[in-house]
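With compact mmCIF, C-alpha atoms inside, this is run16.txt:
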# COMPACT_ATOMS: atom_id res chain seq x y z
CA MET A 1 123.99 66.70 104.63
CA ALA A 2 123.23 70.21 105.94
CA ALA A 3 120.21 70.65 103.66
CA GLU A 4 118.62 67.34 104.64
CA ALA A 5 119.19 68.15 108.31
CA ARG A 6 117.04 71.24 107.75
CA GLY A 7 114.16 69.13 106.49
CA PHE A 8 114.58 69.48 102.73
CA LEU A 9 114.44 66.73 100.14
CA VAL A 10 117.65 67.25 98.16
CA ALA A 11 118.25 66.51 94.49
CA TRP A 12 120.97 67.40 92.00
CA ALA A 13 120.71 68.18 88.30
CA PRO A 14 123.19 69.26 85.61
CA ILE A 15 122.92 72.86 84.49
CA GLU A 16 122.19 71.90 80.86
CA LEU A 17 118.51 71.29 80.13
CA PRO A 18 117.64 68.92 77.27
CA GLY A 19 117.20 70.72 73.98
CA GLU A 20 113.67 69.41 73.44
CA TRP A 21 112.62 70.72 76.88
CA LYS A 22 113.91 74.18 76.00
CA GLN A 23 112.10 74.10 72.68
CA SER A 24 108.84 73.03 74.33
CA TYR A 25 109.10 75.84 76.89
CA GLN A 26 109.83 78.43 74.21
CA GLN A 27 106.85 77.21 72.20
CA TRP A 28 104.65 77.38 75.30
CA VAL A 29 105.58 81.03 75.78
CA ALA A 30 105.24 81.82 72.06
CA GLU A 31 101.71 80.42 72.11
CA GLY A 32 100.84 82.78 74.96
CA ARG A 33 100.03 79.96 77.36
CA HIS A 34 102.00 81.74 80.11
CA ALA A 35 99.12 84.27 80.24
CA GLY A 36 101.50 87.17 79.80
CA LEU A 37 103.23 86.61 83.15
CA GLY A 38 106.47 88.47 82.63
CA GLN A 39 108.53 86.46 85.10
CA LEU A 40 107.93 83.33 83.01
CA ALA A 41 109.05 84.89 79.72
CA ARG A 42 111.56 87.56 80.71
CA ALA A 43 115.15 86.96 79.57
CA LEU A 44 114.08 83.60 78.17
CA GLU A 45 117.52 82.61 76.90
CA VAL A 46 119.06 83.10 80.35
CA ARG A 47 116.11 81.38 82.02
CA LEU A 48 116.77 78.25 79.99
CA ASP A 49 120.57 78.47 80.22
CA PRO A 50 121.79 80.20 83.41
CA ARG A 51 125.38 79.93 82.20
CA LEU A 52 124.73 82.93 79.97
CA ARG A 53 124.67 84.98 83.18
CA PHE A 54 126.63 82.71 85.52
CA ALA A 55 129.35 81.17 83.39
CA TRP A 56 130.80 79.35 86.40
CA ALA A 57 127.62 77.34 87.08
CA SER A 58 127.84 73.59 86.47
CA SER A 59 124.98 72.09 88.47
CA VAL A 60 121.75 72.82 90.29
CA MET A 61 121.03 71.71 93.85
CA ILE A 62 117.25 71.44 94.23
CA LEU A 63 115.70 71.77 97.68
CA ALA A 64 112.09 70.63 98.06
CA ALA A 65 110.07 71.74 101.09
CA PRO A 66 106.89 69.63 101.39
CA HIS A 67 103.60 71.26 102.34
CA THR A 68 101.40 68.20 102.87
CA TYR A 69 100.14 69.59 106.15
CA PRO A 70 96.71 68.53 107.46
CA ASP A 71 93.57 70.66 107.24
CA PRO A 72 93.22 72.51 110.57
CA GLY A 73 89.45 72.82 110.14
CA PRO A 74 87.45 76.06 109.96
CA PRO A 75 87.21 78.48 112.89
CA SER A 76 83.73 79.14 114.24
CA GLY A 77 81.51 81.87 112.82
CA GLY A 78 81.64 83.83 109.60
CA VAL A 79 81.01 82.87 105.99
CA ARG A 80 83.72 80.28 105.37
CA ILE A 81 82.69 78.71 102.07
CA GLY A 82 85.65 79.68 99.89
CA GLN A 83 88.40 77.16 99.20
CA VAL A 84 92.05 78.18 99.44
CA ALA A 85 94.93 76.29 97.82
CA ARG A 86 96.97 74.48 100.45
CA LYS A 87 100.21 76.36 99.84
CA PHE A 88 98.51 79.58 101.02
CA TRP A 89 97.49 78.20 104.45
CA VAL A 90 100.67 79.49 106.11
CA ARG A 91 101.76 82.94 107.14
CA GLU A 92 104.99 83.95 105.52
CA PRO A 93 106.85 87.25 105.21
CA ASP A 94 107.00 87.02 101.42
CA PRO A 95 103.92 85.20 100.05
CA PHE A 96 104.29 83.09 96.89
CA LEU A 97 108.08 83.21 96.80
CA LEU A 98 108.72 82.18 100.43
CA LYS A 99 112.06 83.88 100.04
CA ARG A 100 112.31 85.47 103.47
CA LEU A 101 111.00 82.34 105.16
CA LEU A 102 113.71 80.25 103.53
CA GLU A 103 116.48 82.85 103.67
CA PRO A 104 118.03 81.79 107.00
CA HIS A 105 118.26 78.19 105.80
CA ILE A 106 119.65 79.18 102.41
CA ALA A 107 122.17 81.49 104.07
CA ALA A 108 123.36 78.64 106.30
CA LEU A 109 123.76 76.33 103.31
CA LYS A 110 125.68 79.03 101.42
CA GLU A 111 127.99 79.39 104.41
CA VAL A 112 128.67 75.65 104.38
CA ALA A 113 129.34 75.83 100.64
CA SER A 114 131.74 78.74 101.14
CA ARG A 115 133.74 76.77 103.71
CA LEU A 116 133.99 73.95 101.20
CA GLY A 117 135.13 76.32 98.46
CA VAL A 118 131.92 75.89 96.44
CA ARG A 119 130.45 78.87 94.59
CA VAL A 120 126.63 79.18 94.82
CA ARG A 121 123.68 81.39 93.80
CA ASP A 122 120.17 80.84 95.16
CA TYR A 123 116.71 81.07 93.57
CA VAL A 124 113.29 80.43 95.12
CA GLU A 125 110.05 79.32 93.43
CA GLN A 126 109.25 81.44 90.36
CA GLY A 127 112.58 83.17 90.03
CA PRO A 128 114.38 83.30 86.69
CA LEU A 129 114.99 79.53 86.64
CA PRO A 130 112.49 76.85 85.51
CA LEU A 131 112.74 74.94 88.79
CA ASN A 132 110.06 72.43 87.80
CA LEU A 133 112.20 71.32 84.87
CA TYR A 134 115.33 71.01 86.97
CA ALA A 135 113.43 68.98 89.57
CA VAL A 136 112.40 66.50 86.87
CA LEU A 137 115.90 66.47 85.37
CA SER A 138 117.31 65.47 88.77
CA GLY A 139 115.60 62.09 88.56
CA ARG A 140 113.90 62.52 91.95
CA PHE A 141 110.64 63.65 90.33
CA TRP A 142 108.66 62.91 87.21
CA ARG A 143 106.45 65.41 85.42
CA GLY A 144 102.77 64.71 86.02
CA TYR A 145 99.95 65.40 83.61
CA ASN A 146 99.10 68.40 85.79
CA ALA A 147 102.48 69.86 84.68
CA MET A 148 103.90 69.63 88.22
CA PRO A 149 106.89 67.67 89.50
CA ASN A 150 105.59 64.56 91.25
CA SER A 151 107.38 62.25 93.65
CA THR A 152 106.63 59.13 95.62
CA ASP A 153 107.83 60.98 98.74
CA PHE A 154 105.66 64.11 98.70
CA GLY A 155 103.42 63.91 95.65
CA THR A 156 103.13 67.32 94.00
CA ARG A 157 102.78 69.38 97.17
CA VAL A 158 106.28 70.83 97.40
CA THR A 159 107.82 74.28 97.36
CA LEU A 160 111.03 74.35 95.35
CA THR A 161 114.18 76.37 95.75
CA CYS A 162 117.62 75.80 94.29
CA LEU A 163 121.26 76.69 94.51
CA LEU A 164 123.37 77.07 91.39
CA THR A 165 126.80 75.60 92.13
CA ASP A 166 130.13 75.16 90.39
CA ILE A 167 130.26 71.48 91.37
CA ALA A 168 130.78 69.37 88.26
CA LEU A 169 128.50 66.35 88.19
CA ASP A 170 129.31 63.12 86.39
CA ARG A 171 129.26 63.40 82.63
CA PHE A 172 126.53 60.79 82.47
CA PRO A 173 123.01 62.26 82.61
CA PRO A 174 121.01 61.49 85.78
CA PRO A 175 118.57 58.60 85.47
CA SER A 176 115.04 59.75 84.72
CA HIS A 177 112.38 58.93 87.28
CA PRO A 178 109.91 56.27 86.13
CA ASP A 179 106.66 57.82 84.94
CA ARG A 180 104.32 56.70 87.69
CA CYS A 181 101.24 58.39 86.26
CA GLY A 182 100.68 55.20 84.29
CA GLU A 183 97.23 55.17 82.73
CA CYS A 184 95.87 57.67 85.27
CA ARG A 185 94.45 60.88 83.81
CA ARG A 186 92.35 62.01 86.77
CA CYS A 187 93.84 65.50 86.74
CA LEU A 188 92.97 66.00 83.07
CA SER A 189 89.35 64.96 83.46
CA SER A 190 88.89 66.84 86.74
CA CYS A 191 90.23 70.26 85.72
CA PRO A 192 87.15 72.54 85.77
CA THR A 193 88.37 74.68 82.87
CA GLY A 194 90.34 72.34 80.62
CA ALA A 195 93.57 74.16 81.42
CA LEU A 196 95.67 70.98 81.32
CA LEU A 197 96.74 70.29 77.75
CA GLY A 198 97.31 66.54 78.03
CA ASP A 199 101.00 66.82 77.15
CA ARG A 200 102.08 67.66 80.72
CA ARG A 201 101.75 71.38 80.08
CA VAL A 202 99.17 73.88 81.33
CA ASP A 203 97.51 76.83 79.62
CA LEU A 204 97.55 79.47 82.35
CA ARG A 205 94.96 81.51 80.44
CA LEU A 206 92.44 78.84 81.47
CA CYS A 207 93.79 78.17 84.96
CA ILE A 208 91.73 79.14 88.01
CA SER A 209 94.94 79.72 89.98
CA TYR A 210 96.05 82.33 87.45
CA TRP A 211 92.76 84.23 87.51
CA THR A 212 92.38 84.22 91.29
CA THR A 213 95.99 84.99 92.26
CA SER A 214 97.78 86.72 89.38
CA TYR A 215 95.10 88.64 87.47
CA GLN A 216 94.24 92.00 89.03
CA GLY A 217 91.32 93.27 86.96
CA VAL A 218 87.73 92.17 86.47
CA ILE A 219 87.67 88.44 85.69
CA PRO A 220 85.90 87.78 82.36
CA LEU A 221 82.22 87.05 82.89
CA ALA A 222 82.22 83.78 80.96
CA PHE A 223 84.97 82.35 83.19
CA ARG A 224 83.42 83.15 86.58
CA PRO A 225 81.06 80.14 86.95
CA ALA A 226 83.96 77.70 86.43
CA ILE A 227 85.77 79.18 89.44
CA GLY A 228 83.17 77.57 91.67
CA ASN A 229 84.10 78.12 95.31
CA TRP A 230 87.83 78.67 94.81
CA LEU A 231 88.70 81.88 96.62
CA LEU A 232 92.46 81.74 96.18
CA GLY A 233 94.30 79.35 93.90
CA CYS A 234 93.02 75.92 92.88
CA ASP A 235 94.09 72.46 94.00
CA VAL A 236 91.75 70.27 91.95
CA CYS A 237 94.48 68.69 89.83
CA GLN A 238 96.45 67.93 93.01
CA ASP A 239 93.52 66.80 95.13
CA VAL A 240 92.62 64.06 92.65
CA CYS A 241 96.19 62.75 92.28
CA PRO A 242 96.57 59.29 93.89
CA TRP A 243 100.15 60.11 94.86
CA ASN A 244 98.86 63.02 96.93
CA TRP A 245 96.29 60.73 98.55
CA LYS A 246 99.19 58.53 99.62
CA THR A 247 101.19 61.38 101.15
CA GLU A 248 98.13 62.86 102.89
CA ARG A 249 97.60 59.61 104.78
CA LEU A 250 101.04 60.20 106.29
CA PRO A 251 101.21 64.02 106.29
CA GLN A 252 104.62 65.60 106.42
CA TRP A 253 105.66 69.17 105.98
CA TRP A 254 108.70 71.35 106.24
CA LYS A 255 109.22 72.49 109.84
CA GLY A 256 109.22 76.15 108.78
CA PHE A 257 105.53 76.03 107.81
CA SER A 258 102.87 76.85 110.43
CA VAL A 259 99.27 76.42 109.28
CA ASP A 260 96.74 79.13 110.22
CA PRO A 261 93.03 78.14 110.23
CA GLU A 262 92.06 81.72 109.32
CA LEU A 263 94.03 81.38 106.09
CA ALA A 264 92.85 77.87 105.30
CA HIS A 265 89.19 78.81 105.90
CA PRO A 266 88.88 82.62 105.74
CA ASP A 267 85.70 84.54 106.50
CA LEU A 268 84.53 86.06 103.20
CA CYS A 269 82.94 88.92 105.14
CA ASP A 270 86.43 90.21 105.95
CA ALA A 271 87.22 91.17 102.37
CA LEU A 272 83.76 92.62 101.76
CA LEU A 273 83.18 94.51 105.01
CA LEU A 274 86.55 95.34 106.58
CA SER A 275 88.48 98.45 105.61
CA THR A 276 91.56 97.92 103.48
CA ARG A 277 93.74 98.73 106.50
CA ASP A 278 91.94 96.36 108.86
CA PHE A 279 91.99 93.60 106.25
CA ALA A 280 95.75 94.00 105.82
CA LEU A 281 96.26 93.88 109.59
CA LYS A 282 94.23 90.70 110.04
CA TYR A 283 95.90 88.92 107.13
CA ARG A 284 99.40 90.31 107.56
CA GLN A 285 102.28 88.23 106.25
CA SER A 286 100.06 86.11 104.03
CA ALA A 287 99.07 85.77 100.40
CA PHE A 288 95.84 87.60 101.29
CA GLU A 289 97.76 90.70 102.35
CA ARG A 290 99.95 90.56 99.27
CA LEU A 291 97.01 90.34 96.87
CA GLY A 292 95.03 92.91 98.83
CA ARG A 293 91.43 93.32 99.89
CA VAL A 294 90.13 94.33 96.45
CA GLN A 295 91.32 91.19 94.68
CA ILE A 296 90.16 88.89 97.48
CA ALA A 297 86.77 90.66 97.63
CA ARG A 298 86.38 90.22 93.87
CA ASN A 299 87.02 86.50 94.26
CA ALA A 300 84.70 86.31 97.28
CA LEU A 301 81.82 87.79 95.27
CA ILE A 302 82.29 85.14 92.60
CA VAL A 303 82.27 82.40 95.24
CA LEU A 304 79.09 83.78 96.84
CA ALA A 305 77.34 84.16 93.48
CA ASN A 306 78.25 80.64 92.41
CA THR A 307 76.39 79.21 95.40
CA GLY A 308 73.11 80.56 94.02
CA GLU A 309 71.99 81.02 97.64
CA GLN A 310 69.75 84.06 98.23
CA VAL A 311 70.97 84.30 101.80
CA TYR A 312 74.15 85.96 100.51
CA ALA A 313 72.33 88.67 98.52
CA PRO A 314 72.49 91.30 101.32
CA LEU A 315 76.26 90.85 101.58
CA VAL A 316 76.65 91.23 97.81
CA LYS A 317 74.39 94.30 97.88
CA GLN A 318 76.72 95.95 100.39
CA ALA A 319 79.67 95.21 98.09
CA ALA A 320 77.87 97.07 95.28
CA ALA A 321 78.62 100.28 97.20
CA ASP A 322 82.32 99.50 97.75
CA PRO A 323 84.79 102.28 96.90
CA ALA A 324 86.69 99.98 94.49
CA PRO A 325 85.28 99.85 90.91
CA VAL A 326 86.51 96.26 90.42
CA ILE A 327 84.41 95.15 93.39
CA ARG A 328 81.31 97.05 92.26
CA ALA A 329 81.69 95.71 88.71
CA THR A 330 81.87 92.13 89.97
CA ALA A 331 78.98 92.76 92.37
CA SER A 332 76.66 93.66 89.48
CA TRP A 333 77.11 90.18 87.99
CA ALA A 334 76.86 88.54 91.41
CA LEU A 335 73.56 90.31 92.11
CA LEU A 336 72.13 89.07 88.84
CA ARG A 337 73.32 85.53 89.49
CA LEU A 338 71.47 85.69 92.81
CA GLY A 339 68.30 86.99 91.16
CA GLN A 340 68.66 90.63 92.25
CA ARG A 341 68.14 92.32 88.88
CA GLY A 342 66.73 95.53 90.31
CA GLU A 343 69.76 96.03 92.52
CA ALA A 344 72.11 95.32 89.63
CA GLU A 345 70.36 97.85 87.37
CA LYS A 346 71.18 100.61 89.87
CA LEU A 347 74.83 100.20 88.88
CA LEU A 348 74.01 101.45 85.38
CA ARG A 349 74.20 104.91 87.00
CA ASP A 350 77.59 104.23 88.61
CA PRO A 351 80.20 106.98 88.03
CA SER A 352 82.75 104.41 86.81
CA ASP A 353 82.86 103.56 83.10
CA LEU A 354 84.13 100.11 84.04
CA VAL A 355 81.22 99.40 86.37
CA ARG A 356 78.61 100.60 83.89
CA ALA A 357 80.12 98.53 81.06
CA GLU A 358 80.34 95.38 83.19
CA THR A 359 76.78 95.88 84.39
CA ARG A 360 75.46 96.22 80.85
CA GLU A 361 77.29 93.05 79.80
CA ALA A 362 75.94 91.16 82.80
CA LEU A 363 72.37 92.35 82.20
CA GLU A 364 72.55 91.18 78.59
CA HIS A 365 73.96 87.83 79.71
CA PHE A 366 71.11 87.23 82.16
CA GLN A 367 68.26 88.30 79.86
Represent the structure from my file as structure tokens, please.
Amino acid sequence: MAAEARGFLVAWAPIELPGEWKQSYQQWVAEGRHAGLGQLARALEVRLDPRLRFAWASSVMILAAPHTYPDPGPPSGGVRIGQVARKFWVREPDPFLLKRLLEPHIAALKEVASRLGVRVRDYVEQGPLPLNLYAVLSGRFWRGYNAMPNSTDFGTRVTLTCLLTDIALDRFPPPSHPDRCGECRRCLSSCPTGALLGDRRVDLRLCISYWTTSYQGVIPLAFRPAIGNWLLGCDVCQDVCPWNWKTERLPQWWKGFSVDPELAHPDLCDALLLSTRDFALKYRQSAFERLGRVQIARNALIVLANTGEQVYAPLVKQAAADPAPVIRATASWALLRLGQRGEAEKLLRDPSDLVRAETREALEHFQ
């Protein structure tokens, strides 16, 4: 098959999701567990039934691109103590969605489909379709307790894309994949914030990945210690999964991915000391560029503060004079966490209302 020749694991699912799955997803959104992310709740009826927009669609072709690539190791020099989720170790023209990276392959598959007289429409990652659900419905994956599709081939480390097609599948539903989590609950007990609900769903409001990648403001003070040393994303619930241990012993990844050590182990000084322009140039075509220097610097300050190491106090002190209020506001807490109360108190005279308010809250917290 053309898709398999391009390195994808291929699975097929009917367009109709089970009613109880739809109800569970709607309840998840209604409870606010999507953390207000619009792309997960927008046009919910169409998201759960694409035929409302594409009446011709009969099936979903799921393409899974594995990213179980090995750790390249940190480059020399710099302050490289922040962890980055594995999916962000590669440079890509469109971070998170991987759309441009996959576009040539998708275009080729669409051309093949056209020659065969098959109608198709493509979606990548967090588009308007719940790709995780379709992956499980295909029978090639089961849904793990970390809410991710899991497989014996790649574990949970896969990037998903799909093609809607007008190919009618058999009337019989696809066989469900055996639940190979068994009695294992390592992901539940290992989650630093209790974001995993135990029913194979996740509360994004408690998820480190949400706060470090999707939230743009000042991260709530009470949540910062739980972030630990996660600079971008969080892989704890995947790192502890035995199925991922198995796949990492025999690493395999889609040929379009090229790991960059500077992304896997970035120098935290870059976000705190480089100009916004220079930061964007160094981290071009990566998740770091997409999020921007301010958000990465905010995360870096939390990582530095969580070490409790005084050696990082001068770096945090420099950040307290950054032009961005979000960085200065986070620096006030970081200074206090590193025992620099006098330096933090100076920010009570900051021109920004946000910085002054965050500093007052942090000072009260560390009394």
Nearest to Tyr69 (chain A) among A:Ile208, A:Leu291, A:Ala264, A:Val10, with distances taken over all atoms listed in the file: which residue is it?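 With all atoms listed in the file as the atom set, the closest residue is A:Ala264.
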Long-range neighbours of Arg284 (chain A) as a compact mmCIF listing (two decimals) with C-alpha atoms, keeping the file's coordinate frame, 10 Å cut-off, all atoms listed in the file, 6 positions minimum in chain:
# COMPACT_ATOMS: atom_id res chain seq x y z
CA ARG A 91 101.76 82.94 107.14
CA GLU A 92 104.99 83.95 105.52
CA PRO A 93 106.85 87.25 105.21
CA ASP A 278 91.94 96.36 108.86
CA ARG A 290 99.95 90.56 99.27
Hey, what's within 12 Å of Ile81 (chain A) if we count all atoms listed in the file and toss same-chain stuff fewer than 4 positions away? As a PDB file with C-alpha atoms, in the frame of the given file, please?
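And here's out_17.pdb as it stands now:
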ATOM      1  CA  PRO A  74      87.450  76.060 109.960  1.00  0.00           C
ATOM      2  CA  PRO A  75      87.210  78.480 112.890  1.00  0.00           C
ATOM      3  CA  GLY A  77      81.510  81.870 112.820  1.00  0.00           C
ATOM      4  CA  GLY A 228      83.170  77.570  91.670  1.00  0.00           C
ATOM      5  CA  ASN A 229      84.100  78.120  95.310  1.00  0.00           C
ATOM      6  CA  TRP A 230      87.830  78.670  94.810  1.00  0.00           C
ATOM      7  CA  LEU A 231      88.700  81.880  96.620  1.00  0.00           C
ATOM      8  CA  LEU A 232      92.460  81.740  96.180  1.00  0.00           C
ATOM      9  CA  ALA A 264      92.850  77.870 105.300  1.00  0.00           C
ATOM     10  CA  HIS A 265      89.190  78.810 105.900  1.00  0.00           C
ATOM     11  CA  PRO A 266      88.880  82.620 105.740  1.00  0.00           C
ATOM     12  CA  ASP A 267      85.700  84.540 106.500  1.00  0.00           C
ATOM     13  CA  LEU A 268      84.530  86.060 103.200  1.00  0.00           C
ATOM     14  CA  CYS A 269      82.940  88.920 105.140  1.00  0.00           C
ATOM     15  CA  ASN A 299      87.020  86.500  94.260  1.00  0.00           C
ATOM     16  CA  ALA A 300      84.700  86.310  97.280  1.00  0.00           C
ATOM     17  CA  LEU A 301      81.820  87.790  95.270  1.00  0.00           C
ATOM     18  CA  ILE A 302      82.290  85.140  92.600  1.00  0.00           C
ATOM     19  CA  VAL A 303      82.270  82.400  95.240  1.00  0.00           C
ATOM     20  CA  LEU A 304      79.090  83.780  96.840  1.00  0.00           C
ATOM     21  CA  ALA A 305      77.340  84.160  93.480  1.00  0.00           C
ATOM     22  CA  ASN A 306      78.250  80.640  92.410  1.00  0.00           C
ATOM     23  CA  THR A 307      76.390  79.210  95.400  1.00  0.00           C
ATOM     24  CA  GLU A 309      71.990  81.020  97.640  1.00  0.00           C
ATOM     25  CA  TYR A 312      74.150  85.960 100.510  1.00  0.00           C
TER      26      TYR A 312
END
Would you pick out the contacts of Leu63 (chain A) at 6 Å or less, using all atoms listed in the file, so that residues sharing its chain but fewer than 5 positions from it are not included, and give the list as a list in words?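 The residues that qualify are Phe8, Leu9, Val10, Leu160, Thr161 and Cys162 of chain A.
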Just the number, please: distance in Å from CA of Asp179 (chain A) to CA of Ala41 (chain A), one decimal.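 Rounded to one decimal, the two atoms are 27.7 Å apart.
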Around the point (128.1, 76.5, 88.7) (coordinates from the file), which residues reach within 12 Å if we count only C-alpha atoms? Answer as a PyMOL selection string. chain A and resi 13-16+49-61+118-122+162-169
Select, from A:Leu336, A:Ala287, A:Leu272, A:Leu133, the residue with the minimum atom-to-atom distance to Ala319 (chain A), counting only C-alpha atoms. A:Leu272
Would you pick out the contacts of region 195-204 of chain A at 8 Å or less, using only C-alpha atoms, so that residues sharing its chain but fewer than 3 positions from it are not included, and give the list as a short mmCIF file (atom, residue, chain, number, x, y, z; two decimals) with C-alpha atoms, keeping the file's coordinate frame?
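Dumped everything to part_26.cif:
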data_model
loop_
_atom_site.label_atom_id
_atom_site.label_comp_id
_atom_site.auth_asym_id
_atom_site.auth_seq_id
_atom_site.Cartn_x
_atom_site.Cartn_y
_atom_site.Cartn_z
CA ARG A 33 100.03 79.96 77.36
CA HIS A 34 102.00 81.74 80.11
CA ALA A 35 99.12 84.27 80.24
CA ARG A 143 106.45 65.41 85.42
CA GLY A 144 102.77 64.71 86.02
CA TYR A 145 99.95 65.40 83.61
CA ASN A 146 99.10 68.40 85.79
CA ALA A 147 102.48 69.86 84.68
CA MET A 148 103.90 69.63 88.22
CA CYS A 187 93.84 65.50 86.74
CA LEU A 188 92.97 66.00 83.07
CA CYS A 191 90.23 70.26 85.72
CA PRO A 192 87.15 72.54 85.77
CA CYS A 207 93.79 78.17 84.96
CA TYR A 210 96.05 82.33 87.45
#
Counting only C-alpha atoms, which residues come within 12 Å of (87.3, 95.9, 104.8), with the point read in the file's coordinates, and could you list them as a ChimeraX atom specification? /A:267-283,289,292-297,318-319,322-324,327
Distance CA of Leu37 (chain A)-CA of Asp353 (chain A), one decimal place?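 CA of Leu37 (chain A) sits 26.5 Å away from CA of Asp353 (chain A).
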Per-residue nearest contacts of region 4-105 of chain A to region 211-220 of chain A (12 Å; only C-alpha atoms) as JSON lines:
{"residue": "A:His34", "atom": "CA", "partner": "A:Ser214", "partner_atom": "CA", "distance": 11.3}
{"residue": "A:Ala35", "atom": "CA", "partner": "A:Tyr215", "partner_atom": "CA", "distance": 9.4}
{"residue": "A:Gly36", "atom": "CA", "partner": "A:Tyr215", "partner_atom": "CA", "distance": 10.1}
{"residue": "A:Leu37", "atom": "CA", "partner": "A:Ser214", "partner_atom": "CA", "distance": 8.3}
{"residue": "A:Gly38", "atom": "CA", "partner": "A:Ser214", "partner_atom": "CA", "distance": 11.1}
{"residue": "A:Gln39", "atom": "CA", "partner": "A:Ser214", "partner_atom": "CA", "distance": 11.6}
{"residue": "A:Gly82", "atom": "CA", "partner": "A:Thr212", "partner_atom": "CA", "distance": 11.8}
{"residue": "A:Gln83", "atom": "CA", "partner": "A:Thr212", "partner_atom": "CA", "distance": 11.3}
{"residue": "A:Val84", "atom": "CA", "partner": "A:Thr212", "partner_atom": "CA", "distance": 10.1}
{"residue": "A:Ala85", "atom": "CA", "partner": "A:Thr213", "partner_atom": "CA", "distance": 10.4}
{"residue": "A:Phe88", "atom": "CA", "partner": "A:Thr213", "partner_atom": "CA", "distance": 10.6}
{"residue": "A:Pro95", "atom": "CA", "partner": "A:Thr213", "partner_atom": "CA", "distance": 11.1}
{"residue": "A:Phe96", "atom": "CA", "partner": "A:Thr213", "partner_atom": "CA", "distance": 9.7}
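Of the residues under consideration (A:Leu315, A:Cys234, A:Leu221, A:Ser258), A:Leu221 shows the shortest atom-to-atom contact distance to Ala329 (chain A) when counting only C-alpha atoms.
When all atoms listed in the file are used to compute distances to Tyr134 (chain A), the closest of the residues A:Cys241, A:Ala43, A:Val79, A:Leu17 turns out to be A:Leu17.
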